[in-house]
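Have a look at upload.txt; it's compact mmCIF, C-alpha atoms:
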# COMPACT_ATOMS: atom_id res chain seq x y z
CA MET A 16 -128.30 -47.51 -105.59
CA ALA A 17 -131.07 -46.69 -108.00
CA GLY A 18 -128.84 -45.57 -110.91
CA HIS A 19 -129.92 -46.53 -114.42
CA ILE A 20 -127.96 -49.46 -115.86
CA SER A 21 -127.70 -49.34 -119.65
CA PRO A 22 -127.45 -52.65 -121.52
CA LYS A 23 -124.03 -53.40 -122.96
CA SER A 24 -125.54 -53.21 -126.46
CA THR A 25 -126.20 -49.47 -125.92
CA TYR A 26 -122.51 -48.85 -125.19
CA TYR A 27 -121.42 -50.87 -128.23
CA ALA A 28 -123.89 -48.98 -130.42
CA ILE A 29 -122.62 -45.60 -129.18
CA PHE A 30 -119.04 -46.76 -129.76
CA ALA A 31 -119.93 -47.74 -133.32
CA ALA A 32 -121.63 -44.39 -133.92
CA LEU A 33 -118.53 -42.55 -132.61
CA MET A 34 -116.27 -44.54 -134.93
CA VAL A 35 -118.52 -43.80 -137.91
CA GLY A 36 -118.43 -40.11 -136.97
CA THR A 37 -114.63 -40.26 -136.86
CA ALA A 38 -114.50 -41.90 -140.30
CA ILE A 39 -116.82 -39.26 -141.77
CA THR A 40 -114.88 -36.34 -140.29
CA VAL A 41 -111.59 -37.78 -141.66
CA ALA A 42 -113.12 -38.33 -145.11
CA VAL A 43 -114.60 -34.83 -145.25
CA ALA A 44 -111.21 -33.35 -144.36
CA PHE A 45 -109.88 -34.29 -147.81
CA VAL A 46 -112.68 -32.42 -149.58
CA ASN A 47 -112.27 -28.68 -149.95
CA LEU A 48 -115.58 -27.19 -148.83
CA GLY A 49 -114.08 -23.74 -148.42
CA SER A 50 -115.35 -22.08 -145.29
CA PHE A 51 -117.74 -25.01 -144.69
CA ASN A 52 -114.99 -27.43 -143.61
CA PHE A 53 -114.97 -25.83 -140.20
CA PRO A 54 -118.73 -25.96 -139.40
CA VAL A 55 -119.00 -29.52 -140.75
CA ALA A 56 -116.07 -30.75 -138.64
CA ILE A 57 -117.36 -28.93 -135.54
CA GLY A 58 -120.89 -30.23 -136.16
CA ILE A 59 -119.65 -33.83 -136.26
CA ALA A 60 -117.52 -33.24 -133.14
CA ILE A 61 -120.48 -31.76 -131.25
CA THR A 62 -122.63 -34.74 -132.25
CA LYS A 63 -119.96 -37.16 -131.03
CA ALA A 64 -119.48 -35.23 -127.78
CA THR A 65 -123.25 -35.20 -127.21
CA LEU A 66 -123.40 -38.99 -127.58
CA VAL A 67 -120.56 -39.39 -125.06
CA ILE A 68 -122.19 -37.01 -122.59
CA LEU A 69 -125.69 -38.48 -122.86
CA PHE A 70 -124.83 -42.19 -122.80
CA PHE A 71 -121.25 -42.78 -121.60
CA MET A 72 -121.52 -40.07 -118.93
CA HIS A 73 -125.14 -41.00 -118.12
CA ALA A 74 -126.38 -37.42 -118.46
CA LYS A 75 -129.53 -38.77 -120.11
CA TYR A 76 -130.40 -40.62 -116.92
CA SER A 77 -129.21 -37.99 -114.45
CA SER A 78 -131.25 -35.70 -112.27
CA ARG A 79 -132.50 -32.42 -113.68
CA LEU A 80 -130.04 -30.54 -111.49
CA THR A 81 -127.11 -32.49 -112.98
CA LYS A 82 -128.47 -31.83 -116.47
CA LEU A 83 -128.60 -28.13 -115.63
CA PHE A 84 -124.93 -28.26 -114.59
CA VAL A 85 -123.99 -29.98 -117.86
CA GLY A 86 -125.81 -27.30 -119.80
CA THR A 87 -124.13 -24.58 -117.75
CA ALA A 88 -120.69 -25.72 -118.92
CA PHE A 89 -121.64 -25.21 -122.56
CA PHE A 90 -123.60 -22.06 -121.86
CA PHE A 91 -120.48 -20.41 -120.46
CA LEU A 92 -118.33 -21.86 -123.24
CA ALA A 93 -120.76 -20.38 -125.77
CA ILE A 94 -120.42 -16.98 -124.10
CA LEU A 95 -116.63 -17.23 -124.10
CA LEU A 96 -116.34 -18.27 -127.73
CA GLY A 97 -119.44 -16.62 -129.17
CA LEU A 98 -119.11 -13.14 -127.74
CA THR A 99 -115.37 -12.96 -128.36
CA MET A 100 -115.61 -14.17 -131.94
CA THR A 101 -118.57 -11.95 -132.87
CA ASP A 102 -116.68 -9.00 -131.42
CA VAL A 103 -113.47 -9.77 -133.27
CA LEU A 104 -115.14 -10.61 -136.57
CA SER A 105 -117.42 -7.55 -136.54
CA ARG A 106 -114.47 -5.21 -136.01
CA GLY A 107 -112.92 -6.09 -139.34
CA LEU A 108 -110.11 -7.94 -137.61
CA LYS A 109 -110.41 -10.86 -139.97
CA THR A 110 -106.73 -10.61 -140.72
CA TYR A 111 -103.80 -10.51 -138.35
CA PRO A 112 -103.67 -7.60 -135.88
CA GLY A 113 -102.19 -4.52 -137.52
CA GLY A 114 -102.72 -6.06 -140.94
CA ALA A 115 -104.67 -4.93 -143.97
CA GLY A 116 -107.83 -5.18 -141.90
CA GLY A 117 -111.29 -6.12 -142.97
CA SER A 118 -110.42 -7.51 -146.35
CA GLY A 119 -111.39 -10.89 -145.08
CA TYR A 120 -110.70 -14.58 -145.10
CA GLY A 121 -107.70 -15.82 -146.95
CA VAL A 122 -105.60 -12.70 -146.92
CA PRO A 123 -102.02 -13.95 -146.89
CA ALA A 124 -100.01 -12.85 -143.92
CA PRO A 125 -96.77 -11.02 -144.66
CA PRO A 126 -93.44 -12.35 -143.44
CA PRO A 127 -93.91 -12.23 -139.67
CA ARG A 128 -90.63 -10.75 -138.55
CA THR A 129 -88.56 -8.84 -141.07
CA THR A 130 -85.56 -8.95 -138.76
CA GLY A 131 -86.24 -12.57 -137.82
CA ALA A 132 -86.26 -13.67 -141.44
CA ALA A 133 -82.77 -12.31 -141.90
CA SER A 134 -81.46 -14.02 -138.78
CA GLU A 135 -83.06 -17.28 -139.80
CA ALA A 136 -80.83 -17.81 -142.82
CA PRO A 137 -77.53 -18.40 -140.99
CA ARG A 138 -79.29 -20.69 -138.52
CA GLU A 139 -80.55 -22.88 -141.32
CA GLY A 140 -77.02 -23.14 -142.60
CA ALA A 141 -75.80 -24.20 -139.19
CA HIS A 142 -78.00 -27.29 -139.17
CA MET B 20 -121.45 -49.43 -80.62
CA THR B 21 -124.63 -50.21 -78.73
CA ASP B 22 -123.20 -48.27 -75.77
CA ALA B 23 -122.60 -45.23 -77.95
CA THR B 24 -126.08 -45.48 -79.35
CA ALA B 25 -127.48 -45.67 -75.86
CA THR B 26 -125.53 -42.71 -74.44
CA HIS B 27 -125.94 -40.41 -77.43
CA ALA B 28 -129.48 -41.53 -78.12
CA GLY B 29 -131.50 -39.50 -80.64
CA ALA B 30 -129.81 -38.63 -83.93
CA HIS B 31 -126.84 -40.99 -83.70
CA GLY B 32 -129.02 -43.90 -82.79
CA ALA B 33 -130.88 -43.49 -86.05
CA HIS B 34 -127.63 -44.06 -87.95
CA ALA B 35 -126.73 -47.29 -86.26
CA ALA B 36 -127.73 -49.50 -89.18
CA HIS B 37 -126.62 -47.39 -92.14
CA HIS B 38 -124.37 -48.48 -95.01
CA PRO B 39 -120.66 -48.30 -94.06
CA ASP B 40 -119.91 -46.01 -97.02
CA LEU B 41 -122.66 -43.51 -96.20
CA GLN B 42 -121.15 -40.31 -94.83
CA HIS B 43 -122.96 -38.91 -91.83
CA HIS B 44 -123.91 -35.63 -93.45
CA PHE B 45 -126.01 -37.41 -96.09
CA ASP B 46 -129.40 -38.98 -95.55
CA THR B 47 -129.15 -41.69 -98.17
CA LEU B 48 -126.60 -43.25 -100.53
CA ASP B 49 -128.58 -41.87 -103.46
CA GLN B 50 -128.27 -38.35 -102.08
CA GLN B 51 -124.55 -38.86 -101.49
CA HIS B 52 -124.07 -40.19 -105.02
CA GLU B 53 -126.02 -37.26 -106.44
CA ALA B 54 -123.89 -34.75 -104.52
CA ALA B 55 -120.64 -36.39 -105.68
CA THR B 56 -121.77 -36.52 -109.30
CA LEU B 57 -122.85 -32.90 -109.18
CA GLY B 58 -119.51 -31.89 -107.66
CA MET B 59 -117.64 -33.69 -110.42
CA TRP B 60 -119.71 -31.96 -113.09
CA LEU B 61 -118.97 -28.65 -111.41
CA PHE B 62 -115.26 -29.44 -111.70
CA LEU B 63 -115.76 -30.44 -115.32
CA ILE B 64 -117.41 -27.06 -116.01
CA THR B 65 -114.18 -25.37 -114.91
CA GLU B 66 -112.27 -27.82 -117.10
CA VAL B 67 -114.45 -26.98 -120.11
CA LEU B 68 -113.61 -23.31 -119.64
CA PHE B 69 -109.93 -24.12 -118.98
CA PHE B 70 -109.66 -25.82 -122.37
CA GLY B 71 -112.15 -23.29 -123.75
CA GLY B 72 -109.61 -20.49 -123.39
CA LEU B 73 -107.15 -22.45 -125.52
CA PHE B 74 -109.82 -23.24 -128.11
CA LEU B 75 -110.60 -19.53 -128.24
CA ALA B 76 -106.93 -18.70 -128.85
CA TYR B 77 -106.87 -21.36 -131.56
CA MET B 78 -109.97 -19.92 -133.28
CA LEU B 79 -108.70 -16.34 -133.18
CA TYR B 80 -105.31 -17.13 -134.67
CA ARG B 81 -106.92 -19.44 -137.20
CA VAL B 82 -109.08 -16.57 -138.46
CA TRP B 83 -106.05 -14.30 -138.58
CA TYR B 84 -103.64 -16.73 -140.24
CA PRO B 85 -105.68 -19.17 -142.36
CA GLN B 86 -102.82 -19.84 -144.73
CA ALA B 87 -100.33 -20.71 -142.00
CA TRP B 88 -103.00 -22.90 -140.39
CA ALA B 89 -103.54 -24.81 -143.65
CA GLU B 90 -99.81 -25.30 -144.17
CA ALA B 91 -98.97 -26.22 -140.57
CA SER B 92 -101.89 -28.61 -140.06
CA ARG B 93 -100.73 -30.58 -143.11
CA GLU B 94 -97.51 -31.33 -141.18
CA LEU B 95 -99.47 -33.47 -138.71
CA ASP B 96 -99.85 -37.18 -139.41
CA ILE B 97 -103.53 -37.80 -140.16
CA VAL B 98 -103.13 -41.59 -139.86
CA LEU B 99 -101.64 -41.41 -136.37
CA GLY B 100 -104.25 -38.83 -135.37
CA ALA B 101 -107.15 -40.97 -136.59
CA PHE B 102 -105.64 -44.07 -134.99
CA ASN B 103 -105.34 -42.27 -131.66
CA THR B 104 -108.92 -41.00 -131.94
CA ALA B 105 -110.14 -44.57 -132.39
CA VAL B 106 -107.98 -45.74 -129.47
CA LEU B 107 -109.32 -43.04 -127.16
CA ILE B 108 -112.94 -43.66 -128.14
CA GLY B 109 -112.25 -47.35 -127.46
CA SER B 110 -110.91 -46.45 -124.02
CA SER B 111 -114.12 -44.52 -123.37
CA LEU B 112 -116.10 -47.66 -124.23
CA THR B 113 -114.04 -49.81 -121.84
CA MET B 114 -114.42 -47.15 -119.16
CA ALA B 115 -118.20 -47.09 -119.62
CA LEU B 116 -118.20 -50.88 -119.31
CA ALA B 117 -116.09 -50.61 -116.13
CA VAL B 118 -118.73 -48.33 -114.60
CA ARG B 119 -121.43 -50.75 -115.75
CA ALA B 120 -119.54 -53.62 -114.09
CA ALA B 121 -119.52 -51.56 -110.89
CA GLN B 122 -123.27 -51.04 -111.18
CA THR B 123 -123.88 -54.75 -111.58
CA GLY B 124 -121.45 -55.59 -108.78
CA SER B 125 -118.84 -57.65 -110.65
CA GLN B 126 -115.62 -56.43 -109.09
CA ARG B 127 -113.39 -58.61 -111.26
CA ALA B 128 -114.88 -57.06 -114.40
CA ILE B 129 -114.18 -53.55 -113.06
CA VAL B 130 -110.50 -54.44 -112.73
CA VAL B 131 -110.36 -55.99 -116.22
CA TRP B 132 -112.13 -53.09 -117.95
CA LEU B 133 -110.05 -50.50 -116.09
CA LEU B 134 -106.81 -52.27 -117.07
CA MET B 135 -107.98 -52.27 -120.68
CA THR B 136 -108.79 -48.57 -120.43
CA MET B 137 -105.30 -47.91 -119.07
CA ALA B 138 -103.72 -50.04 -121.82
CA LEU B 139 -105.57 -48.07 -124.50
CA GLY B 140 -104.64 -44.78 -122.80
CA LEU B 141 -101.01 -45.88 -122.76
CA THR B 142 -101.22 -46.73 -126.47
CA PHE B 143 -102.47 -43.21 -127.12
CA LEU B 144 -99.58 -41.66 -125.18
CA VAL B 145 -96.96 -43.84 -126.90
CA VAL B 146 -98.27 -42.76 -130.32
CA LYS B 147 -98.28 -39.17 -129.08
CA TYR B 148 -94.65 -39.60 -128.02
CA PHE B 149 -93.67 -40.63 -131.54
CA GLU B 150 -95.61 -37.69 -132.98
CA TYR B 151 -93.83 -35.29 -130.63
CA ALA B 152 -90.44 -36.86 -131.45
CA GLU B 153 -91.14 -36.30 -135.14
CA LYS B 154 -91.91 -32.63 -134.42
CA PHE B 155 -88.55 -32.25 -132.68
CA GLU B 156 -86.80 -33.87 -135.62
CA HIS B 157 -88.40 -31.50 -138.12
CA HIS B 158 -87.76 -28.41 -135.97
CA HIS B 159 -91.48 -27.82 -135.56
CA VAL B 160 -91.15 -27.21 -131.84
CA PRO B 161 -91.61 -23.50 -131.05
CA GLY B 162 -88.45 -21.87 -129.82
CA PRO B 163 -85.02 -20.85 -131.12
CA ASP B 164 -84.72 -24.01 -133.26
CA PHE B 165 -88.09 -23.57 -134.96
CA MET B 166 -87.99 -23.79 -138.73
CA PHE B 167 -90.81 -23.65 -141.24
CA PRO B 168 -90.48 -23.13 -144.99
CA GLY B 169 -92.12 -20.19 -146.70
CA PRO B 170 -93.29 -16.81 -145.52
CA ASN B 171 -95.61 -18.13 -142.79
CA ALA B 172 -92.98 -19.26 -140.31
CA GLY B 173 -94.16 -16.83 -137.63
CA PRO B 174 -97.85 -17.76 -137.62
CA ALA B 175 -96.92 -21.43 -138.09
CA GLN B 176 -94.96 -21.16 -134.86
CA ILE B 177 -98.13 -19.90 -133.17
CA TYR B 178 -99.95 -22.90 -134.60
CA PHE B 179 -97.39 -25.31 -133.20
CA SER B 180 -97.37 -23.48 -129.85
CA LEU B 181 -101.10 -24.08 -129.61
CA TYR B 182 -100.66 -27.65 -130.86
CA PHE B 183 -98.20 -28.48 -128.10
CA LEU B 184 -100.12 -26.55 -125.44
CA MET B 185 -103.47 -28.18 -126.22
CA THR B 186 -102.26 -31.73 -126.85
CA GLY B 187 -99.81 -31.41 -123.95
CA LEU B 188 -102.50 -30.29 -121.53
CA HIS B 189 -104.71 -33.08 -122.82
CA ALA B 190 -101.94 -35.65 -122.33
CA THR B 191 -101.33 -34.31 -118.82
CA HIS B 192 -104.99 -34.96 -118.04
CA MET B 193 -104.55 -38.51 -119.31
CA VAL B 194 -101.53 -39.09 -117.07
CA ILE B 195 -103.55 -37.83 -114.09
CA GLY B 196 -106.37 -40.15 -115.18
CA PHE B 197 -103.88 -43.03 -115.07
CA GLY B 198 -103.13 -42.29 -111.42
CA ILE B 199 -106.82 -42.13 -110.53
CA MET B 200 -107.60 -45.34 -112.44
CA ALA B 201 -104.73 -47.14 -110.72
CA VAL B 202 -106.22 -46.29 -107.31
CA ILE B 203 -109.77 -47.25 -108.38
CA CYS B 204 -108.44 -50.46 -109.87
CA TRP B 205 -106.74 -51.33 -106.59
CA MET B 206 -109.93 -50.56 -104.65
CA ALA B 207 -111.94 -52.80 -106.99
CA TYR B 208 -109.33 -55.53 -106.59
CA LYS B 209 -109.84 -55.18 -102.81
CA ARG B 210 -113.60 -55.49 -103.40
CA ARG B 211 -114.39 -52.08 -101.99
CA PHE B 212 -117.31 -51.41 -104.32
CA SER B 213 -120.85 -52.70 -104.44
CA PRO B 214 -123.95 -51.97 -106.52
CA GLU B 215 -125.02 -49.77 -103.59
CA TRP B 216 -121.77 -47.77 -103.52
CA TYR B 217 -119.52 -47.34 -106.56
CA THR B 218 -119.35 -43.53 -106.70
CA PRO B 219 -115.54 -43.36 -107.22
CA VAL B 220 -115.82 -45.55 -110.33
CA GLU B 221 -118.61 -43.38 -111.75
CA ILE B 222 -116.67 -40.16 -111.02
CA THR B 223 -113.51 -41.54 -112.61
CA GLY B 224 -115.60 -42.45 -115.65
CA LEU B 225 -116.89 -38.88 -115.93
CA TYR B 226 -113.32 -37.57 -115.87
CA TRP B 227 -112.06 -40.00 -118.49
CA HIS B 228 -114.99 -39.35 -120.83
CA PHE B 229 -114.30 -35.62 -120.52
CA VAL B 230 -110.71 -36.24 -121.62
CA ASP B 231 -112.12 -38.19 -124.57
CA ILE B 232 -114.43 -35.30 -125.50
CA VAL B 233 -111.54 -32.82 -125.49
CA TRP B 234 -109.74 -35.03 -128.01
CA ILE B 235 -112.92 -35.36 -130.11
CA PHE B 236 -112.56 -31.60 -130.69
CA LEU B 237 -108.76 -31.42 -130.83
CA PHE B 238 -108.46 -34.04 -133.57
CA PRO B 239 -110.54 -32.28 -136.27
CA LEU B 240 -109.34 -28.81 -135.30
CA LEU B 241 -105.63 -29.58 -135.31
CA TYR B 242 -105.35 -32.37 -137.89
CA LEU B 243 -108.24 -32.05 -140.29
CA VAL B 244 -110.12 -28.83 -140.66
CA ASP B 245 -107.71 -26.83 -142.82
CA ARG B 246 -106.02 -29.69 -144.60
CA ALA B 247 -107.98 -29.33 -147.85
CA HIS B 248 -107.44 -25.59 -148.07
CA HIS B 249 -104.93 -24.28 -150.55
CA PHE B 250 -104.14 -20.62 -150.96
CA ALA B 251 -102.70 -19.31 -154.15
Kindly present the structure from the file in structure tokens form.
Amino acid sequence: MAGHISPKSTYYAIFAALMVGTAITVAVAFVNLGSFNFPVAIGIAITKATLVILFFMHAKYSSRLTKLFVGTAFFFLAILLGLTMTDVLSRGLKTYPGGAGGSGYGVPAPPPRTTGAASEAPREGAH
Amino acid sequence: MTDATATHAGAHGAHAAHHPDLQHHFDTLDQQHEAATLGMWLFLITEVLFFGGLFLAYMLYRVWYPQAWAEASRELDIVLGAFNTAVLIGSSLTMALAVRAAQTGSQRAIVVWLLMTMALGLTFLVVKYFEYAEKFEHHHVPGPDFMFPGPNAGPAQIYFSLYFLMTGLHATHMVIGFGIMAVICWMAYKRRFSPEWYTPVEITGLYWHFVDIVWIFLFPLLYLVDRAHHFA
């Protein structure tokens, strides 16, 4: 079969890059970047996933039809996540449903169940 | 066989000399390989959206309950999580090398690399078992015994529900991968593959790498991303 055979060194290099990415994402987790922790972590994860897809999964050497299929997966994922999140965030639902509404990131949630909190006390004693 | 060729003549006669692993509805092994790869990617698209729904739930609740997310994610063991990430990336490397061994036709190497992949996968699941056991001990398993200090017990329970659902579904995929790898390993041991036909090895590789990619996203989202956040 005609399939492209990558040299072993390519696989070792990708493995090393993935490990470096893991180290960076762990290190960054201990630094408070505010709302930037999320995009940085996701950016590193997307980079790592792209390396796996291109080289370990051979997408780089696949037919254009296969590449189109790979892209389709993330196109639909982007619709699922992107459209839902833009909808939710633009409706001022940044806090819990039924909450203060619209006042944004970091609003502390109230005790979740007023009745549950009361029933929790005796259970803690039981343990 | 020559009789059959003679009586059927035409189309069937043309197939008399083809590769034993070439199905009759394909013209060439390349075409067959392409169709199988494409089919696997199609399945992986559905898998991406399957996990995508859970990631969406995670993102929504994270936006709604940032404080609970920060508190609950600090309960996860970052060392075990990072260790498991390294182990799983390592298993992706050994899997890629198993596929490469199939391409170059060394059947013994396929078996060795697949066994290493399975060993690393098993390591991951054993670590995961200890992490789960710790969650049971600390009453962090959603349900009637769930306990979490402070006012965010409710949202924290949502966090741990998603934690168990996402990591559990991921672990289930790994267990299924074990079964598939065991079969492929046996086939390689029986010298079923050749550089001309190794499609099952390639397809198994695609599946395993997908499982790795899911974890590449689960690890930062569940263990890392809110750890540094403190709310007054």
Counting all atoms listed in the file, which residues of chain B come no farther than 6 Å from chain A, as a ChimeraX atom specification?
/B:57,64,75,83,115,170,173,215,225,232,235-236,243-244,247
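Between atom CA of B:Gly58 and atom CA of B:Phe212 the interatomic distance comes to 19.9 Å.
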Atom CA of B:Val118 and atom CA of B:Met200, how far apart in Å?
11.7 Å
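Taking atom CA of B:Leu48 as the reference point, atom CA of B:Leu63 is found at 22.4 Å.
The set of protein, DNA and RNA residues with any counted atom at most 9 Å from (-92.3, -24.9, -137.4) (only C-alpha atoms) reads Ala91, Lys154, His157, His158, His159, Val160, Pro161, Asp164, Phe165, Met166, Phe167, Pro168, Ala172, Gly173, Ala175, Gln176, Ile177, Tyr178 and Phe179 of chain B.
By all atoms listed in the file, and with residues fewer than 3 positions from B:Met193 along its chain excluded, the set lying at most 9 Å from it is Gly140, Leu141, Leu144, Leu188, His189, Ala190, Gly196, Phe197, Gly198, Trp227 and Val230 of chain B.
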In the coordinates of the file, take the point (-101.9, -38.6, -141.8) and a cut-off of 12 Å; then, counting all atoms listed in the file, name each qualifying protein, DNA or RNA residue as number ranges by chain.
A: 41-42, 44-45; B: 92-103, 150, 238, 241-243, 246
If I wrap all listed atoms of stretch 91-98 of chain B in a box with edges along x, y and z and add 3 Å on each side, what are its centre and edge lengths in Å to one decimal, as lines of an AutoDock Vina configuration file?
center_x = -100.5
center_y = -33.9
center_z = -140.9
size_x = 12.0
size_y = 21.4
size_z = 10.4
